[in-house]
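Okay, so here's the structure we're looking at.
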Amino acid sequence: MIWDLHTHLTRQLRGQTPAEKAAHLIEVGARHGIERFCCYMGIEWSREPDPADFAAQNDQILAAVAAHPGKLYGFVYLNPKHTDEAVAELKRCVADGPMVGVKLWVAHRCSAAELDPIVSLATELQVPVFQHTWLKTTGNLPGESTPSDIARLAARHPEAKLICGHTGGNWEIGIPEVRAYPNVYVDLAGFDPTAGVTELAVRELGAERVLFGSDAPGRSFASQLAKVTGADISTSQKALILGENLQRLLEPALKAKGLTV
Amino acid sequence: MKRTPTPGSDPAEILAGAAFDRRDFLRRSAATLAAGALSLTRPARAQAEKPPVIDTNVYLGPCPFRRLPLETLLEAPDSLTRFTTALSTQSVACWAGSFEALLQRDYDGINDRLAALVGTDKAHARYFHLFGAVNPKIAGWRETLRRIQQVHRMRGIRLHPNFHGYTLADPDFVALLDAASQQGLIVQIAMRMEDARTQHPALSVADVDVKPLLEWLPQMPTLRVQLLNATRSAADALLVSRLSELGVCFDTAMVEGMAGIARLVEAVPEIKLCHGSYAPFFYPESAALKLVESTPELDSRTLAAISSHHAENLLTVG
């Protein structure tokens, strides 16, 4: 069972509509046996979307999810700087809609207090919060979170299910920064398939806190899957990372929405 | 010719997650395509026999940046056996240079150790084609080049200009190209070793600017050049196209994006793209799975060219 935590519907996909682009994504992912795809953000991205912008991007994901029920799972994209509107959008897309998670990108560092109402509601709705993180040697964007930011957020919200996107990119540093917070999971997507990342994540966090994601179509499914299939870990640990962990994370939301697990 | 479905190729079995060992996963991914069980754009093409693979981008020896699970060490002969076992599930031959060449400067010693590492076992010696280290900014490089060819009988040289402090506009580099051409050595140039965002902050090394090759290569028609880790996506199309017209080969190790190999070939049909894993720095499965991912969009001739024919031509032409 392979479930992909991290995909998008950007320009390089074939088709014009979100549904057509999702079909292309699903078709190519299926070449590796990937069954389910978590998807977020629209066809065109913006780093600091205003409420109308993130709602429009979420509408594209909603259209794709409607076209591929049970195959594509949507995460609602929010800008925490617009806290009230972000909470309203979370209610629209998750509490009252089919989405099963939250996606936060680079608008605001996630250690900020503005995140609290969003994370509290996500926790109440039993959905995970995916936060993009990087620790770039070349320097982060002003609003770009690091694994340390998500560690601070986790300390304030021990019941939340938080996902440290990209494992911070510089994973030797990122993994230890979230190690002490059992409610933080790491996402293997979106950086080169540097050997050793998955072994280190499993060693320090346990396989139960490691999630496969591809970041397709910007990345190949292949290079990101290789981080798991090529890792020197057990077969049962690979099964957890490739799908069982994500299934467990999403199960409450999927059941609440009457979706089959 | 139709591929015979291998045991365990049933997609339902794949989805059941029965096993994820490296050999098995690659076999299953390929078999899933061959079985035509999924919605593919060109399922008939996926049924072609899988051609043999020559991996043109492998490193031996200790990596200076991080401890790699499949790292090989002269002092630990079993490490080479383990590496070869992992790679031989995916390729029939590997072109290997030395990680030591990045930061160490005794190039003759580096090449001696590279040769010694694979020379202890006949099977290893057959499997690995070695590429020697040389730095045209170090006096005595011509003797190093002579030893690479005449003593070690290596197939070529692998250059790391960004680690060795010269550009491709440097006259010493051009002299090295000329000498390599005269001696019939393949020249591999590593354009980058790691994403700039994840490099060690004390070792931030810029990508090699390969544009000067556009000036030198027309003057050396018999020179055989391959750029390693040079193409990330179809966005590089213009420069890749111009270099391809001059006979330059590339490798797949850092080609990215969904079905990225197919998209690159579509953007630059004339590209001479060779299989390259960049193992053990990258998980070797990455390159193999990327080929699987792009297979439905590639015709059998292109697939064979990427897998081995371009590499064979580099070995035999010149």
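Convention: chains lettered A, B, ... in structure tokens order; per-chain residue numbering from 1; ligands numbered from 1 as shown.
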
Up to 8 Å from chain B, what residues of chain A turn up? Count only C-alpha atoms and give them as an NGL selection string. :A and (1-2 or 27-28 or 30-35 or 135-139 or 169-170 or 192-196 or 216-227 or 229-232 or 235 or 238-239)

What lies within 10 Å of B:Gln183 using only C-alpha atoms, ignoring chain neighbours under 6 positions off, as a list in words?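 That gives Leu145, Arg146, Gln149, Gln150, Gly156, Leu177, Leu223 and Gly318 of chain B.
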
Where does DSSP see strand (DSSP E or B) in stretch 50-105 of chain A, if you list the residues as a PDB file with N, CA, C and O atoms, in the first residue's frame?
ATOM      1  N   LEU A  72      -7.960  11.077  -4.441  1.00  0.00           N
ATOM      2  CA  LEU A  72      -7.263  12.332  -4.155  1.00  0.00           C
ATOM      3  C   LEU A  72      -7.826  12.917  -2.864  1.00  0.00           C
ATOM      4  O   LEU A  72      -9.037  13.081  -2.727  1.00  0.00           O
ATOM      5  N   TYR A  73      -6.955  13.237  -1.923  1.00  0.00           N
ATOM      6  CA  TYR A  73      -7.369  13.844  -0.663  1.00  0.00           C
ATOM      7  C   TYR A  73      -6.843  15.274  -0.612  1.00  0.00           C
ATOM      8  O   TYR A  73      -5.643  15.508  -0.779  1.00  0.00           O
ATOM      9  N   GLY A  74      -7.712  16.226  -0.344  1.00  0.00           N
ATOM     10  CA  GLY A  74      -7.311  17.627  -0.331  1.00  0.00           C
ATOM     11  C   GLY A  74      -6.907  18.110   1.056  1.00  0.00           C
ATOM     12  O   GLY A  74      -7.490  17.715   2.064  1.00  0.00           O
ATOM     13  N   PHE A  75      -5.884  18.948   1.092  1.00  0.00           N
ATOM     14  CA  PHE A  75      -5.514  19.692   2.296  1.00  0.00           C
ATOM     15  C   PHE A  75      -5.808  21.164   1.997  1.00  0.00           C
ATOM     16  O   PHE A  75      -5.483  21.651   0.913  1.00  0.00           O
ATOM     17  N   VAL A  76      -6.369  21.867   2.963  1.00  0.00           N
ATOM     18  CA  VAL A  76      -6.739  23.264   2.739  1.00  0.00           C
ATOM     19  C   VAL A  76      -5.497  24.148   2.918  1.00  0.00           C
ATOM     20  O   VAL A  76      -4.775  24.056   3.913  1.00  0.00           O
ATOM     21  N   TYR A  77      -5.254  25.014   1.918  1.00  0.00           N
ATOM     22  CA  TYR A  77      -4.098  25.923   1.936  1.00  0.00           C
ATOM     23  C   TYR A  77      -4.517  27.242   2.586  1.00  0.00           C
ATOM     24  O   TYR A  77      -5.520  27.841   2.187  1.00  0.00           O
ATOM     25  N   LEU A  78      -3.745  27.692   3.582  1.00  0.00           N
ATOM     26  CA  LEU A  78      -4.109  28.877   4.356  1.00  0.00           C
ATOM     27  C   LEU A  78      -2.916  29.810   4.510  1.00  0.00           C
ATOM     28  O   LEU A  78      -1.768  29.362   4.430  1.00  0.00           O
ATOM     29  N   GLY A 101      -6.958  17.776   5.707  1.00  0.00           N
ATOM     30  CA  GLY A 101      -5.725  18.266   6.307  1.00  0.00           C
ATOM     31  C   GLY A 101      -5.532  19.739   6.010  1.00  0.00           C
ATOM     32  O   GLY A 101      -6.298  20.356   5.272  1.00  0.00           O
ATOM     33  N   VAL A 102      -4.497  20.311   6.626  1.00  0.00           N
ATOM     34  CA  VAL A 102      -4.150  21.726   6.454  1.00  0.00           C
ATOM     35  C   VAL A 102      -2.764  21.813   5.841  1.00  0.00           C
ATOM     36  O   VAL A 102      -1.858  21.064   6.234  1.00  0.00           O
ATOM     37  N   LYS A 103      -2.585  22.736   4.886  1.00  0.00           N
ATOM     38  CA  LYS A 103      -1.267  22.986   4.295  1.00  0.00           C
ATOM     39  C   LYS A 103      -0.862  24.435   4.555  1.00  0.00           C
ATOM     40  O   LYS A 103      -1.602  25.373   4.235  1.00  0.00           O
ATOM     41  N   LEU A 104       0.310  24.603   5.159  1.00  0.00           N
ATOM     42  CA  LEU A 104       0.880  25.933   5.380  1.00  0.00           C
ATOM     43  C   LEU A 104       2.224  25.987   4.682  1.00  0.00           C
ATOM     44  O   LEU A 104       3.033  25.060   4.790  1.00  0.00           O
TER      45      LEU A 104
END

Taking 6 positions as the minimum chain separation for residues in the same chain, which residues sit within 12 Å of B:Asp78 when counting only C-alpha atoms? Answer as an mmCIF file with N, CA, C and O atoms, in the first residue's frame.
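Contents of the output file part.cif:
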data_model
loop_
_atom_site.group_PDB
_atom_site.id
_atom_site.type_symbol
_atom_site.label_atom_id
_atom_site.label_comp_id
_atom_site.auth_asym_id
_atom_site.auth_seq_id
_atom_site.Cartn_x
_atom_site.Cartn_y
_atom_site.Cartn_z
ATOM 1 N N LEU B 70 25.934 2.865 1.516
ATOM 2 C CA LEU B 70 26.604 1.968 0.564
ATOM 3 C C LEU B 70 28.015 2.461 0.221
ATOM 4 O O LEU B 70 28.555 2.137 -0.838
ATOM 5 N N GLU B 71 28.606 3.231 1.100
ATOM 6 C CA GLU B 71 29.962 3.747 0.873
ATOM 7 C C GLU B 71 30.959 2.585 0.771
ATOM 8 O O GLU B 71 30.838 1.590 1.481
ATOM 9 N N THR B 72 31.966 2.742 -0.095
ATOM 10 C CA THR B 72 32.995 1.704 -0.237
ATOM 11 C C THR B 72 34.331 2.219 0.276
ATOM 12 O O THR B 72 34.678 3.384 0.076
ATOM 13 N N THR B 84 28.362 -3.522 -4.916
ATOM 14 C CA THR B 84 28.189 -4.175 -6.219
ATOM 15 C C THR B 84 26.920 -5.010 -6.229
ATOM 16 O O THR B 84 26.190 -5.035 -7.230
ATOM 17 N N THR B 85 26.650 -5.679 -5.144
ATOM 18 C CA THR B 85 25.437 -6.494 -5.068
ATOM 19 C C THR B 85 24.200 -5.624 -5.234
ATOM 20 O O THR B 85 23.257 -5.979 -5.953
ATOM 21 N N LEU B 117 41.079 -0.756 -5.204
ATOM 22 C CA LEU B 117 39.785 -1.115 -4.617
ATOM 23 C C LEU B 117 39.052 -2.135 -5.482
ATOM 24 O O LEU B 117 38.501 -3.114 -4.975
ATOM 25 N N VAL B 118 39.027 -1.920 -6.795
ATOM 26 C CA VAL B 118 38.282 -2.850 -7.659
ATOM 27 C C VAL B 118 39.180 -3.954 -8.204
ATOM 28 O O VAL B 118 38.685 -4.929 -8.758
ATOM 29 N N THR B 120 41.000 -6.078 -6.649
ATOM 30 C CA THR B 120 41.179 -7.262 -5.800
ATOM 31 C C THR B 120 40.292 -8.421 -6.218
ATOM 32 O O THR B 120 40.459 -9.531 -5.746
ATOM 33 N N ASP B 121 39.348 -8.177 -7.100
ATOM 34 C CA ASP B 121 38.385 -9.208 -7.470
ATOM 35 C C ASP B 121 38.094 -9.081 -8.964
ATOM 36 O O ASP B 121 37.766 -7.994 -9.451
ATOM 37 N N HIS B 124 34.645 -7.712 -9.893
ATOM 38 C CA HIS B 124 34.552 -6.255 -9.691
ATOM 39 C C HIS B 124 35.277 -5.520 -10.813
ATOM 40 O O HIS B 124 34.796 -4.505 -11.311
#

Fewer than 2 positions away in the same chain doesn't count, so skip those; otherwise give me all residues within 10 Å of A:Cys93, counting only C-alpha atoms, as a PyMOL selection string. chain A and resi 55+58-59+61-62+74-77+88-91+95-102

Hey, can you spit out that residue selection with C-alpha atoms as an mmCIF file, in the first residue's frame?
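Contents of out_15.cif, as written:
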data_model
loop_
_atom_site.group_PDB
_atom_site.id
_atom_site.type_symbol
_atom_site.label_atom_id
_atom_site.label_comp_id
_atom_site.auth_asym_id
_atom_site.auth_seq_id
_atom_site.Cartn_x
_atom_site.Cartn_y
_atom_site.Cartn_z
ATOM 1 C CA ALA A 55 -9.926 30.304 -1.384
ATOM 2 C CA ASN A 58 -8.663 25.608 -2.542
ATOM 3 C CA ASP A 59 -11.582 25.640 -4.975
ATOM 4 C CA ILE A 61 -8.327 21.332 -5.177
ATOM 5 C CA LEU A 62 -11.990 20.800 -4.277
ATOM 6 C CA GLY A 74 -7.311 17.627 -0.331
ATOM 7 C CA PHE A 75 -5.514 19.692 2.296
ATOM 8 C CA VAL A 76 -6.739 23.264 2.739
ATOM 9 C CA TYR A 77 -4.098 25.923 1.936
ATOM 10 C CA ALA A 88 -13.229 30.376 8.207
ATOM 11 C CA GLU A 89 -11.628 28.690 5.206
ATOM 12 C CA LEU A 90 -10.628 25.732 7.361
ATOM 13 C CA LYS A 91 -14.255 25.361 8.413
ATOM 14 C CA ALA A 95 -15.356 20.928 8.779
ATOM 15 C CA ASP A 96 -18.025 21.438 6.116
ATOM 16 C CA GLY A 97 -16.144 20.091 3.109
ATOM 17 C CA PRO A 98 -14.257 17.008 1.972
ATOM 18 C CA MET A 99 -10.706 18.093 2.815
ATOM 19 C CA VAL A 100 -8.716 16.110 5.368
ATOM 20 C CA GLY A 101 -5.725 18.266 6.307
ATOM 21 C CA VAL A 102 -4.150 21.726 6.454
#

Name all residues at most 9 Å from A:Val228 (count only C-alpha atoms; drop same-chain ones fewer than 5 positions away) and give them as a list in words. Leu188, Thr198, Glu199, Phe212, Ile233, Lys238, Ile241 and Leu242 of chain A; Phe20 of chain B

Just the selected residues (N, CA and C atoms), exported as an mmCIF file, in the first residue's frame, please.
data_model
loop_
_atom_site.group_PDB
_atom_site.id
_atom_site.type_symbol
_atom_site.label_atom_id
_atom_site.label_comp_id
_atom_site.auth_asym_id
_atom_site.auth_seq_id
_atom_site.Cartn_x
_atom_site.Cartn_y
_atom_site.Cartn_z
ATOM 1 N N LEU A 188 9.253 13.023 3.785
ATOM 2 C CA LEU A 188 10.505 12.773 3.061
ATOM 3 C C LEU A 188 10.544 13.441 1.688
ATOM 4 N N THR A 198 16.489 8.284 5.261
ATOM 5 C CA THR A 198 15.412 7.497 5.866
ATOM 6 C C THR A 198 15.947 6.662 7.031
ATOM 7 N N GLU A 199 17.162 6.160 6.873
ATOM 8 C CA GLU A 199 17.769 5.403 7.968
ATOM 9 C C GLU A 199 17.912 6.288 9.212
ATOM 10 N N PHE A 212 6.101 8.923 3.640
ATOM 11 C CA PHE A 212 6.491 9.093 2.242
ATOM 12 C C PHE A 212 5.661 10.185 1.584
ATOM 13 N N ILE A 233 16.371 -0.455 5.930
ATOM 14 C CA ILE A 233 15.447 -0.610 7.059
ATOM 15 C C ILE A 233 14.596 -1.845 6.778
ATOM 16 N N LYS A 238 9.330 -0.074 6.098
ATOM 17 C CA LYS A 238 9.007 0.520 4.787
ATOM 18 C C LYS A 238 7.498 0.604 4.581
ATOM 19 N N ILE A 241 6.099 3.568 6.435
ATOM 20 C CA ILE A 241 6.448 4.864 5.837
ATOM 21 C C ILE A 241 5.711 5.082 4.518
ATOM 22 N N LEU A 242 5.584 4.036 3.736
ATOM 23 C CA LEU A 242 4.971 4.177 2.403
ATOM 24 C C LEU A 242 3.462 4.400 2.452
ATOM 25 N N PHE B 20 9.058 -4.818 0.312
ATOM 26 C CA PHE B 20 9.614 -3.617 -0.284
ATOM 27 C C PHE B 20 11.132 -3.682 -0.338
#

Could you check which of B:Asn57, B:Asp106, B:Pro51, B:Ser181 is closest to B:Asp251, using only C-alpha atoms?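 Result for the nearest residue to B:Asp251: B:Asn57.
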
Which of these residues is nearest to B:Arg105, using only C-alpha atoms: B:Val208, B:Ala93, B:Ala125, B:Ala139?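 Smallest distance to B:Arg105 is found for B:Ala139.
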
Write down as a VMD selection string the residues of stretch 201-236 of chain B whose backbone DSSP state falls under alpha helix (DSSP H). chain B and resid 213 to 216
